[in-house]
Structures are given as C-alpha cells and as structure tokens.
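K.L.:
Provided herewith: protein06.txt, compact mmCIF, C-alpha atoms.
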```txt
# COMPACT_ATOMS: atom_id res chain seq x y z
CA THR A 598 -17.44 68.11 -161.56
CA GLY A 599 -16.22 71.59 -162.35
CA LEU A 600 -18.45 73.20 -159.75
CA GLY A 601 -17.14 75.99 -157.60
CA VAL A 602 -17.73 76.68 -153.96
CA GLY A 603 -21.40 77.23 -153.14
CA THR A 604 -24.76 75.62 -152.43
CA TYR A 605 -26.50 73.67 -155.22
CA ALA A 606 -30.03 72.22 -155.59
CA VAL A 607 -30.26 68.65 -156.89
CA THR A 608 -33.53 67.17 -158.21
CA ALA A 609 -33.88 63.42 -158.76
CA THR A 610 -36.77 61.90 -160.81
CA ASP A 611 -37.53 58.17 -160.95
CA GLN A 612 -39.18 56.16 -163.74
CA GLN A 613 -42.66 56.80 -162.38
CA GLY A 614 -42.14 60.53 -162.65
CA CYS A 615 -41.75 61.03 -158.95
CA SER A 616 -39.12 63.59 -158.05
CA GLN A 617 -37.43 64.94 -154.98
CA THR A 618 -35.18 67.96 -154.53
CA ALA A 619 -32.30 68.32 -152.12
CA SER A 620 -29.45 70.80 -151.66
CA VAL A 621 -25.73 70.23 -151.36
CA THR A 622 -23.00 72.64 -150.30
CA ILE A 623 -19.53 72.49 -151.76
CA GLY A 624 -16.96 74.03 -149.40
CA SER A 625 -13.17 74.48 -149.42
CA TYR A 626 -10.31 74.02 -147.03
CA PRO A 627 -9.07 77.27 -145.44
CA GLU A 628 -6.21 78.88 -147.31
CA PHE A 629 -2.79 78.78 -145.71
CA GLN A 630 0.69 79.97 -146.63
CA VAL A 631 3.93 78.60 -145.27
CA ASN A 632 6.35 81.36 -144.21
CA ALA A 633 10.12 80.90 -144.58
CA GLY A 634 10.85 83.98 -142.43
CA GLU A 635 12.42 87.37 -143.09
CA ASP A 636 15.44 87.69 -145.37
CA VAL A 637 18.72 87.54 -143.42
CA THR A 638 22.13 89.25 -143.72
CA ALA A 639 25.13 87.29 -142.44
CA CYS A 640 28.91 87.43 -142.44
CA GLU A 641 31.08 84.99 -144.36
CA GLY A 642 31.21 81.78 -142.37
CA GLU A 643 28.45 82.80 -139.97
CA GLN A 644 25.86 80.14 -139.13
CA VAL A 645 22.23 81.17 -139.59
CA THR A 646 19.19 79.20 -138.47
CA LEU A 647 16.14 79.61 -140.69
CA ILE A 648 12.76 78.88 -139.07
CA ALA A 649 9.59 78.29 -141.06
CA THR A 650 6.10 78.87 -139.66
CA GLY A 651 2.45 78.57 -140.67
CA ALA A 652 2.28 74.85 -141.53
CA VAL A 653 1.96 71.48 -139.83
CA SER A 654 4.93 69.82 -141.51
CA TYR A 655 7.84 71.16 -143.52
CA GLN A 656 10.50 70.16 -145.99
CA TRP A 657 13.46 72.46 -146.69
CA GLN A 658 15.19 72.13 -150.00
CA SER A 659 18.26 69.94 -149.35
CA GLY A 660 17.38 70.01 -145.67
CA PRO A 661 16.23 67.60 -142.98
CA THR A 662 12.87 65.85 -143.36
CA ASN A 663 9.87 67.26 -141.48
CA SER A 664 11.73 70.03 -139.67
CA ASP A 665 10.77 73.67 -139.44
CA GLN A 666 14.43 74.68 -138.99
CA LEU A 667 17.42 74.74 -141.30
CA THR A 668 20.93 75.80 -140.22
CA VAL A 669 23.12 77.10 -143.05
CA SER A 670 26.51 78.79 -143.45
CA PRO A 671 26.65 79.90 -147.08
CA ALA A 672 29.85 81.20 -148.68
CA GLN A 673 27.83 83.48 -150.91
CA THR A 674 24.31 84.85 -151.10
CA GLU A 675 21.78 82.02 -151.39
CA VAL A 676 18.00 81.55 -151.63
CA TYR A 677 16.42 78.70 -149.65
CA THR A 678 12.99 77.19 -150.34
CA VAL A 679 10.67 75.49 -147.87
CA GLN A 680 7.55 73.46 -148.62
CA GLY A 681 4.79 73.26 -146.02
CA TRP A 682 1.66 71.10 -145.55
CA ASP A 683 -1.41 71.80 -143.49
CA GLU A 684 -3.67 69.29 -141.71
CA PHE A 685 -5.62 68.70 -144.95
CA ASP A 686 -2.39 67.84 -146.82
CA CYS A 687 -2.61 71.05 -148.85
CA THR A 688 0.85 72.43 -149.66
CA THR A 689 2.49 75.80 -150.44
CA PHE A 690 6.07 77.08 -150.91
CA ASP A 691 8.03 80.08 -149.70
CA GLU A 692 11.58 81.39 -150.11
CA VAL A 693 14.05 83.25 -147.90
CA GLN A 694 17.30 84.90 -148.98
CA VAL A 695 20.50 84.85 -146.95
CA THR A 696 22.70 87.72 -148.10
CA VAL A 697 26.38 87.14 -147.33
CA VAL A 698 28.57 90.18 -146.68
CA PRO A 699 32.39 90.04 -146.44
CA ILE A 700 34.10 90.57 -143.10
CA PRO A 701 35.92 93.92 -143.32
CA ALA A 702 39.59 94.29 -142.45
CA LEU A 703 39.76 96.58 -139.44
CA ASN A 704 42.55 99.13 -139.20
CA ILE A 705 43.42 101.35 -136.27
CA GLU A 706 45.33 104.24 -137.80
CA GLU A 707 48.91 104.56 -136.62
CA VAL A 708 49.44 106.74 -133.58
CA ASP A 709 52.53 107.62 -131.57
CA SER A 710 52.89 104.42 -129.59
CA THR A 711 54.52 106.21 -126.63
CA LEU A 712 52.93 109.29 -125.11
CA CYS A 713 53.62 111.55 -122.16
CA ASP A 714 51.05 111.67 -119.41
CA VAL A 715 50.86 115.48 -119.74
CA TYR A 716 49.77 115.34 -123.38
CA GLY A 717 46.22 116.45 -124.02
CA PRO A 718 43.57 114.04 -125.30
CA ILE A 719 44.13 112.77 -128.85
CA GLN A 720 41.66 111.35 -131.36
CA ILE A 721 42.28 107.75 -132.43
CA MET A 722 40.85 106.88 -135.85
CA ALA A 723 39.89 103.49 -137.25
CA GLN A 724 38.51 102.09 -140.48
CA PRO A 725 35.82 101.31 -141.33
CA SER A 726 34.18 103.99 -139.24
CA GLY A 727 31.12 103.41 -137.10
CA GLY A 728 32.63 101.08 -134.51
CA THR A 729 33.27 101.54 -130.79
CA PHE A 730 36.52 101.86 -128.85
CA SER A 731 37.15 100.41 -125.41
CA GLY A 732 40.07 100.28 -123.02
CA ASN A 733 41.73 102.24 -120.26
CA GLY A 734 41.72 106.00 -120.89
CA ILE A 735 39.78 105.92 -124.16
CA SER A 736 36.20 106.98 -124.86
CA PRO A 737 33.79 104.95 -127.05
CA THR A 738 34.37 107.49 -129.85
CA GLY A 739 38.16 107.05 -129.73
CA VAL A 740 39.39 110.00 -127.65
CA PHE A 741 42.45 108.78 -125.70
CA ASP A 742 43.52 110.76 -122.64
CA PRO A 743 47.08 109.87 -121.51
CA GLY A 744 46.60 111.63 -118.18
CA LEU A 745 43.45 109.65 -117.47
CA ALA A 746 45.04 106.37 -118.55
CA GLY A 747 48.18 106.93 -116.45
CA ASP A 748 51.66 105.48 -116.89
CA GLY A 749 51.83 101.98 -118.29
CA VAL A 750 51.02 99.83 -121.30
CA HIS A 751 47.43 100.21 -122.46
CA SER A 752 45.61 97.95 -124.91
CA ILE A 753 42.77 99.61 -126.80
CA THR A 754 40.17 97.66 -128.76
CA TYR A 755 38.07 98.74 -131.72
CA THR A 756 34.86 96.74 -132.13
CA TYR A 757 32.81 96.81 -135.33
CA GLN A 758 29.39 95.22 -135.78
CA VAL A 759 28.90 93.89 -139.30
CA THR A 760 25.51 92.25 -138.70
CA ALA A 761 23.38 91.57 -135.64
CA ASN A 762 25.38 88.44 -134.81
CA CYS A 763 28.68 89.19 -136.55
CA ILE A 764 31.08 91.35 -134.54
CA VAL A 765 34.80 91.78 -135.25
CA ASP A 766 37.52 93.70 -133.43
CA ALA A 767 41.12 94.90 -133.64
CA SER A 768 43.57 95.99 -130.95
CA ALA A 769 46.51 98.36 -130.59
CA VAL A 770 48.92 99.19 -127.78
CA ILE A 771 49.69 102.67 -126.47
CA ILE A 772 52.40 103.28 -123.85
CA VAL A 773 52.12 106.23 -121.49
CA ASP A 774 55.44 107.26 -119.95
CA GLY A 775 55.41 110.36 -117.79
CA ALA A 776 59.20 110.46 -117.61
CA LEU A 777 59.39 111.34 -121.31
CA CYS A 778 58.02 114.78 -120.54
CA ASP A 779 59.99 115.55 -117.43
CA ILE A 780 61.23 119.13 -117.58
CA ILE A 781 64.85 119.26 -118.76
CA VAL A 782 67.03 122.06 -117.38
CA PRO A 783 70.22 122.94 -119.31
CA ASN A 784 73.39 123.77 -117.38
CA VAL A 785 74.87 126.22 -119.89
CA ILE A 786 73.67 128.70 -122.53
CA ASN A 787 75.54 130.71 -125.16
CA PRO A 788 73.54 133.74 -126.35
CA ASN A 789 76.04 134.35 -129.18
CA THR A 790 75.45 131.03 -130.96
CA SER A 791 72.75 130.08 -133.45
CA PHE A 792 73.35 126.37 -132.91
CA GLN A 793 70.23 124.34 -132.20
CA GLY A 794 70.43 120.86 -130.76
CA LEU A 795 69.35 117.85 -132.77
CA ALA A 796 67.84 115.99 -129.83
CA ASP A 797 64.06 115.71 -129.79
CA PHE A 798 62.52 116.60 -126.46
CA CYS A 799 58.72 116.63 -126.34
CA GLY A 800 58.52 117.21 -130.06
CA SER A 801 61.02 120.08 -130.30
CA SER A 802 64.76 120.71 -130.31
CA PRO A 803 66.22 122.86 -127.52
CA GLN A 804 67.74 126.28 -128.23
CA ASN A 805 71.29 126.79 -127.00
CA ASN A 806 71.19 130.58 -127.21
CA ALA A 807 68.56 130.93 -124.48
CA PHE A 808 67.71 129.36 -121.14
CA ASP A 809 65.15 127.15 -122.86
CA LEU A 810 63.61 124.25 -120.91
CA PRO A 811 62.29 121.46 -123.16
CA CYS A 812 58.88 120.03 -122.22
CA LEU A 813 57.98 123.08 -120.12
CA GLN A 814 55.25 123.91 -122.67
CA TYR A 815 53.19 121.04 -121.25
CA TYR A 816 53.04 122.72 -117.85
CA PRO A 817 51.10 125.96 -118.39
CA GLY A 818 50.95 128.35 -115.47
CA ASN A 819 54.63 127.77 -114.65
CA ARG A 820 56.61 130.62 -113.10
CA MET A 821 60.35 131.20 -113.63
CA ARG A 822 62.58 133.45 -111.55
CA ILE A 823 66.26 134.00 -112.47
CA PHE A 824 68.85 135.64 -110.22
CA ASP A 825 72.47 136.71 -110.68
CA ARG A 826 75.17 135.70 -108.26
CA TRP A 827 74.40 138.73 -106.10
CA GLY A 828 70.82 137.61 -105.66
CA ARG A 829 69.37 140.30 -107.88
CA LYS A 830 66.20 139.12 -109.62
CA LEU A 831 66.53 139.43 -113.39
CA VAL A 832 63.45 137.48 -114.51
CA ASP A 833 60.05 136.84 -112.95
CA GLN A 834 57.79 135.43 -115.62
CA VAL A 835 54.63 133.31 -115.73
CA ASP A 836 54.38 130.83 -118.63
CA TYR A 837 58.10 131.14 -119.07
CA HIS A 838 58.10 128.68 -121.99
CA LEU A 839 56.53 131.35 -124.21
CA LYS A 840 59.64 133.58 -124.03
CA PRO A 841 62.80 131.97 -122.62
CA TRP A 842 65.51 134.31 -121.29
CA ASP A 843 68.35 134.98 -123.76
CA GLY A 844 70.75 136.48 -121.26
CA GLY A 845 70.14 140.05 -122.33
CA LYS A 846 73.30 142.14 -121.92
CA HIS A 847 74.47 140.31 -118.86
CA SER A 848 78.00 139.04 -118.64
CA ASP A 849 79.40 135.54 -118.39
CA GLY A 850 78.83 133.87 -115.09
CA VAL A 851 76.68 131.68 -112.95
CA TYR A 852 72.96 132.38 -112.67
CA TYR A 853 70.37 130.81 -110.40
CA TYR A 854 66.79 129.84 -111.14
CA VAL A 855 63.66 128.91 -109.22
CA LEU A 856 60.94 127.22 -111.27
CA GLU A 857 57.42 126.72 -109.92
CA VAL A 858 55.19 124.28 -111.78
CA PRO A 859 51.54 123.73 -110.79
CA GLY A 860 51.16 120.38 -109.08
CA GLU A 861 54.91 119.66 -109.15
CA ALA A 862 57.84 120.14 -106.80
CA VAL A 863 59.75 123.45 -107.07
CA LEU A 864 62.89 123.13 -109.19
CA LYS A 865 65.98 125.06 -108.11
CA GLY A 866 69.49 125.19 -109.50
CA TYR A 867 72.01 127.13 -111.50
CA PHE A 868 73.40 127.41 -115.01
CA HIS A 869 76.35 129.03 -116.76
CA LEU A 870 76.06 131.85 -119.27
CA VAL A 871 79.01 131.72 -121.69
CA ARG A 872 79.43 134.10 -124.61
```
Could I get this file's structure written as structure tokens?
P.N.:
Amino acid sequence: TGLGVGTYAVTATDQQGCSQTASVTIGSYPEFQVNAGEDVTACEGEQVTLIATGAVSYQWQSGPTNSDQLTVSPAQTEVYTVQGWDEFDCTTFDEVQVTVVPIPALNIEEVDSTLCDVYGPIQIMAQPSGGTFSGNGISPTGVFDPGLAGDGVHSITYTYQVTANCIVDASAVIIVDGALCDIIVPNVINPNTSFQGLADFCGSSPQNNAFDLPCLQYYPGNRMRIFDRWGRKLVDQVDYHLKPWDGGKHSDGVYYYVLEVPGEAVLKGYFHLVR
C-alpha cells in the first residue's frame, strides 16, 4: 500500500532460496471533472434550465435524481451544486451561479398626445435607455414622424431586453389629427389694438392687429396676395407667416386675399379692416 502510479519489480524467494522476479504496473483512472455550465443572469421570476456535462450520472443539490438538468426560478441570486460520477464511480463537484436582476419599470416620457400631421419629426424618450421603439410612424430609435404616420390613433411600443430571455415592453398612444393645423383665416383685423387672443392655435395665440393666420407657419413656401376693393394689389409675399400685414396706412374697408400653399388648395376670401 501507499505506492503511487508506476511500474514496480517484485522478487519472491521460497524456503529453498529459490527466487523469481516479476513486474507490476499500478495505473489510475483518467481524471474527469463534472461541469455545471456557465454562470447565468436571469430576471425575477424567469425560469432557467441548468445543464451539467462531463459525467455519466448526476445529482443536483435539491434536484431530481440522476438528471443532468435542473430547472430553477430563484427569487434572488443563488448558487447551485451538481455532483457527477464517471464510469469508474469516481465523483467530482461543480457549482453554477444564477444572478437574479430586477425587472425595470419602463417609462415612455410624456409627449403631446395629439399632434398635427404637418409637425416635423419629434424625438420620443424612454427610460431606461437602450431599448427599441416600434409602431406606425416611429423609428427604432424613437423618432416619430406625424406626417409619415398619418391621421389616426397610433400605438407605439418600447421594448427593453433585460437578459437574453427576459424582454419587457411598455406602450403609449399618440393621436395624429391633421385638422388641428388647418389654416385659420380671420374675418376682421384692428391695427389700432394691442389685444391678443387667448385661444391656442398650433402653439400660438393669434394677433388681432394684423392679418395673422394661425398655423400658417407649418406651411413654408406659402404665398399671400392682398387686394383692396378696387383690385389693387397691396401685398405679394412668400412665407407670409414671417411678417403678417398690419394694414399699413390703409383705411377701413373690405380687403381680399389669395393664399397659395404648396400641396394644398388655393384659399380665397375677404376680411374687414376696422380701426
């Protein structure tokens, strides 16, 4: 006993002094190591299947008998141990850690729930960052284009991947209503007043001391022509919304307008100038 691996010579001598020598080799079983697998990260409540390899039979701690697999759903980070045996009944142990991460609360930051179809693209933000948006009119990075989405009720979804198999999402609704940004034409102006209306049209209040058309700023390239009752042209201006007509020194009366808007029908009509 106590001999290590190797080849040994053995000599035996009997009572008559005769002897004989022989050799014996002491070997060893091949080394093996059971493998519990790579450490795993999982969400709260997520089921994870652990698979052991490298042995002939297995026993998981608090698990089924003689199974290489163990399905767990830990509430907190846990370490699981597996024991394995080879064909020579030699045994080894290994451990694997399941790290449990909390499921984050997703939040799509508040946006104006009703938009005009002529608004430019807007950036939608969500927390935590790093997820992906989907839905009609929105890019994966969260750029929502009302014109691309079109009129209607649009549901957008923000998807966030916590782990390889744990994906959560949140949704929000955006309404696109083209009528909200229809051009509004006043029927009277008073150049001598400083009164400004309280109504909110397209994010601004109309001026009463000028022939100001709310929402026209969303139609660049527009052209306004204004005529007096004799047909004399007083105004011929492109991008009229940048400098609405204040009546100048013209007297009270009825004035006529022709408004051309790219891609829209020509608007014609009249208004009263009252001082």
K.L.:
Mind giving me the straight-line distance from atom CA of Gly601 of chain A to atom CA of Cys615 of chain A in Å, one decimal?
P.N.:
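Atom CA of Cys615 of chain A lies at a distance of 28.8 Å from atom CA of Gly601 of chain A.
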K.L.:
Separation of atom CA of Val832 of chain A and atom CA of His847 of chain A, in Å?
P.N.:
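Calculated distance between atom CA of Val832 of chain A and atom CA of His847 of chain A is 12.2 Å.
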K.L.:
Let me know the centre plus edge lengths, in Å and rounded to one decimal, of a box with edges along x, y and z that contains all listed atoms of segment 843-857 of chain A and is padded by 3 Å on every side, as AutoDock Vina command-line options.
P.N.:
```
--center_x 68.4 --center_y 134.4 --center_z -116.5 --size_x 28.0 --size_y 21.4 --size_z 20.5
```
K.L.:
Could you give me, as a PyMOL selection string, the residues within 9 Å of Glu707 of chain A, counting only C-alpha atoms and dropping anything in the same chain fewer than 5 positions from it?
P.N.:
chain A and resi 721-722+769
K.L.:
Which distance in Å separates atom CA of Gly624 of chain A and atom CA of Phe690 of chain A, to one decimal?
P.N.:
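Straight-line distance from atom CA of Gly624 of chain A to atom CA of Phe690 of chain A works out to 23.3 Å.
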K.L.:
Within 12 Å of Val765 of chain A, counting only C-alpha atoms, which residues show up once you throw out same-chain ones fewer than 6 positions away? Write them as JSON, numbers by chain, please.
P.N.:
{"A": [640, 641, 643, 699, 700, 701, 702, 703, 704, 725, 728, 729, 754, 755, 756, 757, 758, 759]}
K.L.:
Counting only C-alpha atoms, which residue out of A:Pro718, A:Pro841, A:Gly734, A:Gly603 sits closest to Gly749 of chain A?
P.N.:
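Closest residue, counting only C-alpha atoms: A:Gly734.
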K.L.:
Considering only C-alpha atoms, state which residue in the set A:Gly727, A:Gly660, A:Gly850, A:Pro859 is at the smallest distance from Val785 of chain A.
P.N.:
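Closest to Val785 of chain A of all the choices is A:Gly850.
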K.L.:
Trp842 of chain A: which residues within 10 Å, counting all atoms listed in the file, same-chain residues fewer than 3 positions away excluded, as a list in words?
P.N.:
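Using all atoms listed in the file, the neighbours found are Ile786, Pro788, Asn806, Ala807, Phe808, Asp809, Met821, Ile823, Leu831, Val832, Gln834, Tyr837, His838, Leu839 and Gly845 of chain A.
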K.L.:
So, counting all atoms listed in the file, which residue among A:Glu628, A:Glu635, A:Glu675, A:Asp779 is closest to Val695 of chain A?
P.N.:
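Looking at the shortest contact to Val695 of chain A, the residue is A:Glu675.
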K.L.:
Need the shell around Asp849 of chain A: protein/DNA/RNA residues with any atom at most 12 Å away, counting all atoms listed in the file. Skip same-chain ones fewer than 2 positions apart. Format as a PyMOL selection string?
P.N.:
chain A and resi 785-789+825-826+844-847+851-852+868-872
K.L.:
What would the file look like if the residues just selected were written as a tab-separated table (two decimals), keeping the file's coordinate frame with C-alpha atoms?
P.N.:
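Produced file selection_4.tsv, reproduced below:
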```
chain	number	residue	atom	x	y	z
A	785	VAL	CA	74.87	126.22	-119.89
A	786	ILE	CA	73.67	128.70	-122.53
A	787	ASN	CA	75.54	130.71	-125.16
A	788	PRO	CA	73.54	133.74	-126.35
A	789	ASN	CA	76.04	134.35	-129.18
A	825	ASP	CA	72.47	136.71	-110.68
A	826	ARG	CA	75.17	135.70	-108.26
A	844	GLY	CA	70.75	136.48	-121.26
A	845	GLY	CA	70.14	140.05	-122.33
A	846	LYS	CA	73.30	142.14	-121.92
A	847	HIS	CA	74.47	140.31	-118.86
A	851	VAL	CA	76.68	131.68	-112.95
A	852	TYR	CA	72.96	132.38	-112.67
A	868	PHE	CA	73.40	127.41	-115.01
A	869	HIS	CA	76.35	129.03	-116.76
A	870	LEU	CA	76.06	131.85	-119.27
A	871	VAL	CA	79.01	131.72	-121.69
A	872	ARG	CA	79.43	134.10	-124.61
```
K.L.:
May I have the residues within 12 Å of segment 686-688 of chain A as a PDB file with C-alpha atoms, in the frame of the given file, using all atoms listed in the file and disregarding those fewer than 2 positions away in the same chain?
P.N.:
```
ATOM      1  CA  SER A 625     -13.170  74.480-149.420  1.00  0.00           C
ATOM      2  CA  TYR A 626     -10.310  74.020-147.030  1.00  0.00           C
ATOM      3  CA  PRO A 627      -9.070  77.270-145.440  1.00  0.00           C
ATOM      4  CA  GLU A 628      -6.210  78.880-147.310  1.00  0.00           C
ATOM      5  CA  PHE A 629      -2.790  78.780-145.710  1.00  0.00           C
ATOM      6  CA  GLN A 630       0.690  79.970-146.630  1.00  0.00           C
ATOM      7  CA  VAL A 631       3.930  78.600-145.270  1.00  0.00           C
ATOM      8  CA  ASN A 632       6.350  81.360-144.210  1.00  0.00           C
ATOM      9  CA  GLY A 651       2.450  78.570-140.670  1.00  0.00           C
ATOM     10  CA  ALA A 652       2.280  74.850-141.530  1.00  0.00           C
ATOM     11  CA  VAL A 653       1.960  71.480-139.830  1.00  0.00           C
ATOM     12  CA  SER A 654       4.930  69.820-141.510  1.00  0.00           C
ATOM     13  CA  TYR A 655       7.840  71.160-143.520  1.00  0.00           C
ATOM     14  CA  GLN A 656      10.500  70.160-145.990  1.00  0.00           C
ATOM     15  CA  VAL A 679      10.670  75.490-147.870  1.00  0.00           C
ATOM     16  CA  GLN A 680       7.550  73.460-148.620  1.00  0.00           C
ATOM     17  CA  GLY A 681       4.790  73.260-146.020  1.00  0.00           C
ATOM     18  CA  TRP A 682       1.660  71.100-145.550  1.00  0.00           C
ATOM     19  CA  ASP A 683      -1.410  71.800-143.490  1.00  0.00           C
ATOM     20  CA  GLU A 684      -3.670  69.290-141.710  1.00  0.00           C
ATOM     21  CA  PHE A 690       6.070  77.080-150.910  1.00  0.00           C
ATOM     22  CA  ASP A 691       8.030  80.080-149.700  1.00  0.00           C
TER      23      ASP A 691
END
```
